Amino acid sequence: MGHVPLLDELAVIAALAVGVTLLLARLKLPTVAGLLAAGALAGPFGLGMVHSVAAIEVLAEVGVVLLLFTIGLEFSLARLAVIFRQVAVGGLLQVVLTAAAVAGVAVSVGEPPGRALFYGFVFALSSTAIVLRALSERRELDAPHGRFIVGTLIFQDLLVVPMVLVVPLLGPAGGQDVLGALGGALARAAGVVLATLAIARLLVPRVLGFVAAAQGREVFLLAILGLCIGTAWLTSLAGLSLALGAFLGGMVVADTEYGHRAMGDILPLRDAFVSVFFVSLGMLFDPAVVTAEPVRVAVLLAGFLVLKGFLATLSALAMKFPSRVAWLAGVGLAQFGEFGFVLAKLAEKNGVVGTADVKPLFAAGIASMFLTPLLVRAAPHVTAGEKLLGPLERLLGVRGMDEASTTEGALEDHVVVVGYGVAGRLTSKALAACGLPFVVVSLNAEAARAGRAEGVPVYYGDATSEETLSHAHLAEARTLVVLINDALSAQRIIDTARRLAPGVPVLARTHYVSEREGLLQVGAREVVAEEVEGAAEILVRLLRWAECPRNVIDERLRELRAESQPSDRKRTLPRPSLGEMKALSDLKIEVVQVVAGAEGAGRSPKALSLRSRTGALVVAVRRGEKLLEQPDPAAPFEVGDVVYLVGTSEACRAAMAVLSDGETFNPRPA
């Protein structure tokens with residue numbers, strides 16, 4: 001075979017990406033930042049080690065498609081319905097506010113209206129790939145700020161189509177019917193999305209059923225890839241983005257029984273191609289532009305990080321999210337988007353902007369993408385942003401927890417539960433069944449509404465704030481129970497509770513045992529790590545199935561507790577049946593009623609020598625309504641007694657003959 005330059009360059013990219021990522025990992029920096037830095041080094045503006053940029057961009061596009069497909073697998077249509085409000089309202093607020101503000105600033109500094117609107121479009125879009133990757137790694141897709149971010153990103157992707165149609169009209173050669181083109185594009189986008197979902201829901205389950213029946217992993221993987229890329233391609237024919245089409249395809253598969261299998265099979269491919277995507281973005285970074293126009297690049301970068309972040313935060317606050325959620329959402333959306341590159345190239349081609357305008361925009365945009373993973377990781381640790389948002393939060397009426405002060409009357413000696421997920425719902429149900437008063441604080445607005453509709457006292461609020469815990473009457477409570485997934489937020493809640501009500505004991509739950517010590521240090525009285533409890537339950541069931549003696553199981557359990565976390569809870573073990581005990585698999589349980597005229601009627605097991613003659617053991621006798629659990633071997637059987645026997649099949653049949661047949665049983669030969 002001849003020389004294949006692309007393979008050489010892919011090898012260089014892989015080696016450099018691994019090296020840079022490992023170096024940055026030693027500095028505790030995210031993987032995405034390492035991949036972007038590797039692309040900047042290897043690209044044409046860096047060391048010039050890669051020249052086939054166009055071919056690598058094609059591979060990168062596949063990575064985006066696969067990434068959005070897997071995100072769709074995690075966000076089924078049912079889950080999308082839950083975050084519909086974030087998609088429709090939150091996304092609209094963020095896009096309109098950002099586009100209008102940026103366009104206004106551009107016009108004020110002398111830019112023509114067409115170019116100003118283009119800048120508004122570009123700044124309104126965020127990086128779906130980078131943000132969703134960061135949220136997935138931190139397990140925050142289901143957090144309140146995660147749902148707002150995902151909903152906003154979906155809305156942005158939907159608007160890419162009308163933006164692509166409108167941008168050429170902003171140039172000197174464009175037409176004037178911008179509103180008409182925009183309305184038509186939106187109608188077409190909505191129609192294509194609905195048609196894609198309807199067709200896919202009818203065909204996909206049947207097709208995957210046929211493929212799965214073939215029992216070939218390779219065939220199933222090809223079918224999933226075909227569905228992913230095919231859906232993206234079909235939607236692109238109608239002008240929609242490839243990424244949005246792939247996302248829709250993933251959601252359709254998520255609603256079938258094959259969603260988990262599809263995720264497991266496609267993850268390795270996704271990670272490989274997405275890595276190429278991040279590297280390709282880094283290749284567009286030109287350090288020469290930064291040195292030539294540092295002020296302009298810095299202003300644009302500040303626009304992405306500060307102005308755009310603030311407007312996204314404002315959008316979240318306007319939707320009644322607390323300041324902490326709004327702060328994290330603003331940081332998550334404050335960067336340049338992949339589709340901004342598409343709009344910029346299109347605008348340059350149609351004369352809306354020149355090359356001199358695009359280069360600083362790309363430099364600032366890529367820098368914002370590089371900083372995003374770092375900022376997303378640091379944001380939860382920064383409380384200054386939340387405090388600054390406090391007055392604005394009150395001005396916009398972000399309330400909810402204060403309702404508890406008026407609707408629940410005088411709360412005292414109650415339990416304050418933070419979090420209304422699975423654990424929160426089970427805890428609330430148990431407290432209600434025991435007649436214990438309680439109030440629940442949740443940052444999930446949908447869960448709070450659903451709980452209140454069911455009559456559960458669930459209130460929307462941020463338990464990290466003193467105001468929220470005060471409205472929950474924490475000082476008069478008997479216990480605070482923290483049942484949220486975010487260990488850092490749990491620490492802040494416990495710390496706030498210690499200051500507000502130092503005498504109230506705190507019981508907390510965390511995922512990992514490594515997080516337990518941090519919660520204990522800030523003041524929790526007891527912390528239960530799910531990691532340990534899950535291991536204990538698995539261990540108990542495994543040893544029981546292996547027929548280990550009970551005392552051996554208890555000892556192993558004590559060892560596990562001593563090495564991890566103590567527990568005063570009495571350990572109950574699943575009771576095995578005789579059939580599950582291999583050593584006793586030949587023994588049977590039989591039930592026989594003593595009949596008149598039988599040899600055993602009126603005689604005792606001892607007098608009959610029942611055990612030695614038949615081999616069966618009498619374990620219980622029911623006499624009328626009374627169960628004799630420890631029958632006296634010297635007590636005679638009465639007619640009508642129900643006798644429970646344990647033994648081999650032969651032994652049980654022999655004993656039944658003595659008690660029911662009315663015939664004398666001949667003893668077994670010695």
# chains A, B, ... in the order shown; residues from 1 in each chain; ligands from 1
$ residues_around --residues "A:Gly640" --least-positions-apart "5" --cutoff "7 Å" --atoms "only C-alpha atoms" --output "list of chain:residue names"
A:Gln593, A:Val594, A:Val595
$ write_last_selection --atoms "N, CA, C and O atoms" --output "PDB file, in the first residue's frame"
ATOM      1  N   GLN A 593     -52.550 -35.220  56.717  1.00  0.00           N
ATOM      2  CA  GLN A 593     -53.560 -35.149  57.768  1.00  0.00           C
ATOM      3  C   GLN A 593     -53.781 -36.541  58.369  1.00  0.00           C
ATOM      4  O   GLN A 593     -53.929 -37.529  57.641  1.00  0.00           O
ATOM      5  N   VAL A 594     -53.793 -36.619  59.691  1.00  0.00           N
ATOM      6  CA  VAL A 594     -53.995 -37.894  60.383  1.00  0.00           C
ATOM      7  C   VAL A 594     -55.459 -38.313  60.243  1.00  0.00           C
ATOM      8  O   VAL A 594     -56.373 -37.531  60.574  1.00  0.00           O
ATOM      9  N   VAL A 595     -55.690 -39.524  59.739  1.00  0.00           N
ATOM     10  CA  VAL A 595     -57.053 -40.006  59.496  1.00  0.00           C
ATOM     11  C   VAL A 595     -57.375 -41.121  60.488  1.00  0.00           C
ATOM     12  O   VAL A 595     -56.483 -41.816  61.015  1.00  0.00           O
TER      13      VAL A 595
END
$ select_by_dssp --residues "stretch 366-549 of chain A" --states "strand (DSSP E)" --output "PyMOL selection string"
chain A and resi 415-418+438-442+458-460+479-482+506-510+526-529
$ write_last_selection --atoms "C-alpha atoms" --output "mmCIF file, in the first residue's frame"
data_model
loop_
_atom_site.group_PDB
_atom_site.id
_atom_site.type_symbol
_atom_site.label_atom_id
_atom_site.label_comp_id
_atom_site.auth_asym_id
_atom_site.auth_seq_id
_atom_site.Cartn_x
_atom_site.Cartn_y
_atom_site.Cartn_z
ATOM 1 C CA VAL A 415 -37.961 16.361 60.235
ATOM 2 C CA VAL A 416 -36.458 18.541 57.489
ATOM 3 C CA VAL A 417 -35.686 16.432 54.407
ATOM 4 C CA VAL A 418 -33.446 17.917 51.707
ATOM 5 C CA PHE A 438 -41.879 16.678 58.129
ATOM 6 C CA VAL A 439 -41.140 19.173 55.388
ATOM 7 C CA VAL A 440 -39.131 18.566 52.194
ATOM 8 C CA VAL A 441 -36.856 21.067 50.437
ATOM 9 C CA SER A 442 -36.010 20.335 46.790
ATOM 10 C CA VAL A 458 -42.435 19.556 49.255
ATOM 11 C CA TYR A 459 -41.154 23.092 48.657
ATOM 12 C CA TYR A 460 -38.904 24.512 45.995
ATOM 13 C CA THR A 479 -33.563 16.169 62.626
ATOM 14 C CA LEU A 480 -32.159 17.327 59.293
ATOM 15 C CA VAL A 481 -31.829 14.604 56.636
ATOM 16 C CA VAL A 482 -29.705 15.434 53.563
ATOM 17 C CA VAL A 506 -27.839 15.894 60.784
ATOM 18 C CA LEU A 507 -28.125 12.574 58.968
ATOM 19 C CA ALA A 508 -26.654 12.604 55.458
ATOM 20 C CA ARG A 509 -26.303 10.271 52.516
ATOM 21 C CA THR A 510 -23.480 10.243 49.986
ATOM 22 C CA GLU A 526 -24.011 10.240 60.810
ATOM 23 C CA VAL A 527 -23.271 9.699 57.120
ATOM 24 C CA VAL A 528 -24.358 6.671 55.118
ATOM 25 C CA ALA A 529 -22.311 5.882 51.998
#
$ atom_distance --atom1 "atom CA of A:Gly365" --atom2 "atom CA of A:Ile154"
20.0 Å
$ closest_residue --among "A:Ser127, A:Gln156, A:Thr313, A:Thr231" --to "A:Leu66" --atoms "only C-alpha atoms"
A:Thr231
$ residues_around --residues "A:Ala262" --least-positions-apart "5" --cutoff "9 Å" --atoms "only C-alpha atoms" --output "VMD selection string"
chain A and resid 70 73 220 to 221 224 253 to 254 267
$ decode --residues "stretch 170-321 of chain A" --atoms "C-alpha atoms" --output "short mmCIF file (atom, residue, chain, number, x, y, z; two decimals), in the first residue's frame"
data_model
loop_
_atom_site.label_atom_id
_atom_site.label_comp_id
_atom_site.auth_asym_id
_atom_site.auth_seq_id
_atom_site.Cartn_x
_atom_site.Cartn_y
_atom_site.Cartn_z
CA LEU A 170 -27.58 40.08 6.25
CA GLY A 171 -24.91 40.76 3.63
CA PRO A 172 -24.95 43.41 0.92
CA ALA A 173 -26.30 40.92 -1.65
CA GLY A 174 -29.01 39.53 0.61
CA GLY A 175 -32.71 40.09 0.23
CA GLN A 176 -34.93 42.08 2.52
CA ASP A 177 -37.55 39.49 3.53
CA VAL A 178 -35.71 38.37 6.66
CA LEU A 179 -38.86 37.79 8.75
CA GLY A 180 -40.46 35.69 6.02
CA ALA A 181 -37.39 33.51 5.66
CA LEU A 182 -37.14 33.14 9.44
CA GLY A 183 -40.79 32.12 9.84
CA GLY A 184 -40.54 29.58 7.04
CA ALA A 185 -37.35 28.10 8.49
CA LEU A 186 -38.91 27.69 11.93
CA ALA A 187 -42.00 26.02 10.51
CA ARG A 188 -39.87 23.66 8.44
CA ALA A 189 -37.66 22.81 11.40
CA ALA A 190 -40.66 21.99 13.60
CA GLY A 191 -42.22 19.86 10.85
CA VAL A 192 -39.03 17.90 10.25
CA VAL A 193 -38.52 17.23 13.97
CA LEU A 194 -42.08 15.96 14.41
CA ALA A 195 -41.93 13.83 11.24
CA THR A 196 -38.58 12.34 12.25
CA LEU A 197 -39.83 11.41 15.70
CA ALA A 198 -43.09 9.93 14.38
CA ILE A 199 -41.41 7.78 11.69
CA ALA A 200 -38.60 6.67 13.96
CA ARG A 201 -40.96 5.65 16.76
CA LEU A 202 -42.93 3.46 14.35
CA LEU A 203 -39.97 1.80 12.64
CA VAL A 204 -37.05 1.76 15.08
CA PRO A 205 -38.42 -0.72 17.67
CA ARG A 206 -39.37 -3.21 14.94
CA VAL A 207 -36.06 -2.93 13.11
CA LEU A 208 -34.00 -3.28 16.28
CA GLY A 209 -36.15 -6.25 17.29
CA PHE A 210 -35.26 -8.07 14.05
CA VAL A 211 -31.59 -7.18 14.44
CA ALA A 212 -31.44 -8.28 18.08
CA ALA A 213 -33.04 -11.60 17.13
CA ALA A 214 -30.01 -12.31 14.91
CA GLN A 215 -27.90 -12.35 18.12
CA GLY A 216 -24.88 -10.77 16.47
CA ARG A 217 -23.11 -7.95 18.29
CA GLU A 218 -21.50 -6.65 15.09
CA VAL A 219 -24.86 -6.50 13.30
CA PHE A 220 -26.48 -4.69 16.22
CA LEU A 221 -23.65 -2.13 16.38
CA LEU A 222 -23.93 -1.50 12.62
CA ALA A 223 -27.68 -1.05 12.98
CA ILE A 224 -27.21 1.51 15.77
CA LEU A 225 -24.55 3.38 13.75
CA GLY A 226 -26.82 3.34 10.71
CA LEU A 227 -29.68 4.73 12.76
CA CYS A 228 -27.48 7.41 14.34
CA ILE A 229 -25.81 8.64 11.15
CA GLY A 230 -28.92 8.05 9.01
CA THR A 231 -31.16 10.17 11.22
CA ALA A 232 -28.55 12.93 11.27
CA TRP A 233 -28.22 12.80 7.48
CA LEU A 234 -31.98 12.85 6.84
CA THR A 235 -32.52 15.87 9.07
CA SER A 236 -29.56 17.64 7.45
CA LEU A 237 -31.28 17.30 4.08
CA ALA A 238 -34.03 19.52 5.45
CA GLY A 239 -31.49 22.07 6.69
CA LEU A 240 -31.39 20.94 10.32
CA SER A 241 -28.06 20.36 12.04
CA LEU A 242 -26.50 16.90 12.02
CA ALA A 243 -26.20 17.08 15.78
CA LEU A 244 -29.91 17.71 16.30
CA GLY A 245 -30.81 14.78 14.04
CA ALA A 246 -28.49 12.48 15.97
CA PHE A 247 -29.98 13.69 19.26
CA LEU A 248 -33.49 12.88 18.03
CA GLY A 249 -32.35 9.41 16.92
CA GLY A 250 -30.86 8.73 20.34
CA MET A 251 -34.07 9.77 22.11
CA VAL A 252 -36.09 7.39 19.97
CA VAL A 253 -33.80 4.45 20.78
CA ALA A 254 -33.89 5.40 24.48
CA ASP A 255 -37.64 4.73 24.50
CA THR A 256 -37.08 1.12 23.38
CA GLU A 257 -35.79 -1.87 25.36
CA TYR A 258 -32.49 -1.65 23.48
CA GLY A 259 -31.37 1.73 24.85
CA HIS A 260 -28.89 0.38 27.43
CA ARG A 261 -27.36 -2.10 25.00
CA ALA A 262 -26.96 0.61 22.36
CA MET A 263 -25.22 2.87 24.87
CA GLY A 264 -22.77 0.15 25.91
CA ASP A 265 -21.87 -0.77 22.32
CA ILE A 266 -21.39 2.75 20.98
CA LEU A 267 -19.54 4.39 23.89
CA PRO A 268 -15.99 3.35 22.82
CA LEU A 269 -16.55 4.70 19.29
CA ARG A 270 -18.04 7.90 20.64
CA ASP A 271 -15.13 8.61 22.96
CA ALA A 272 -12.59 8.09 20.18
CA PHE A 273 -14.31 10.34 17.63
CA VAL A 274 -15.23 13.02 20.17
CA SER A 275 -11.56 13.24 21.14
CA VAL A 276 -10.73 13.94 17.48
CA PHE A 277 -13.41 16.64 17.49
CA PHE A 278 -11.86 18.50 20.42
CA VAL A 279 -8.42 18.24 18.84
CA SER A 280 -9.78 19.65 15.55
CA LEU A 281 -11.22 22.64 17.41
CA GLY A 282 -7.84 23.35 18.95
CA MET A 283 -6.26 23.39 15.48
CA LEU A 284 -8.24 26.52 14.61
CA PHE A 285 -6.52 28.52 17.34
CA ASP A 286 -4.02 31.01 15.90
CA PRO A 287 -1.67 32.53 18.54
CA ALA A 288 -0.53 35.15 16.00
CA VAL A 289 -3.99 36.73 16.09
CA VAL A 290 -3.81 37.04 19.87
CA THR A 291 -0.43 38.79 19.73
CA ALA A 292 -1.54 41.03 16.86
CA GLU A 293 -4.89 42.10 18.37
CA PRO A 294 -4.75 41.31 22.08
CA VAL A 295 -7.30 43.95 23.11
CA ARG A 296 -9.91 42.86 20.58
CA VAL A 297 -9.49 39.19 21.47
CA ALA A 298 -9.68 40.01 25.18
CA VAL A 299 -12.89 42.04 24.70
CA LEU A 300 -14.51 39.24 22.72
CA LEU A 301 -13.41 36.66 25.30
CA ALA A 302 -14.87 38.82 28.07
CA GLY A 303 -18.07 39.02 26.04
CA PHE A 304 -18.34 35.22 26.01
CA LEU A 305 -17.37 34.62 29.62
CA VAL A 306 -18.86 37.64 31.39
CA LEU A 307 -21.67 39.15 29.31
CA LYS A 308 -23.01 35.90 27.93
CA GLY A 309 -22.62 34.16 31.28
CA PHE A 310 -24.49 36.94 33.07
CA LEU A 311 -27.35 36.87 30.56
CA ALA A 312 -27.67 33.09 30.87
CA THR A 313 -27.71 33.50 34.66
CA LEU A 314 -30.39 36.17 34.32
CA SER A 315 -32.48 33.80 32.17
CA ALA A 316 -32.27 31.11 34.85
CA LEU A 317 -33.23 33.60 37.57
CA ALA A 318 -36.18 34.76 35.46
CA MET A 319 -37.39 31.14 35.48
CA LYS A 320 -37.35 31.20 39.31
CA PHE A 321 -34.17 29.17 39.75
#
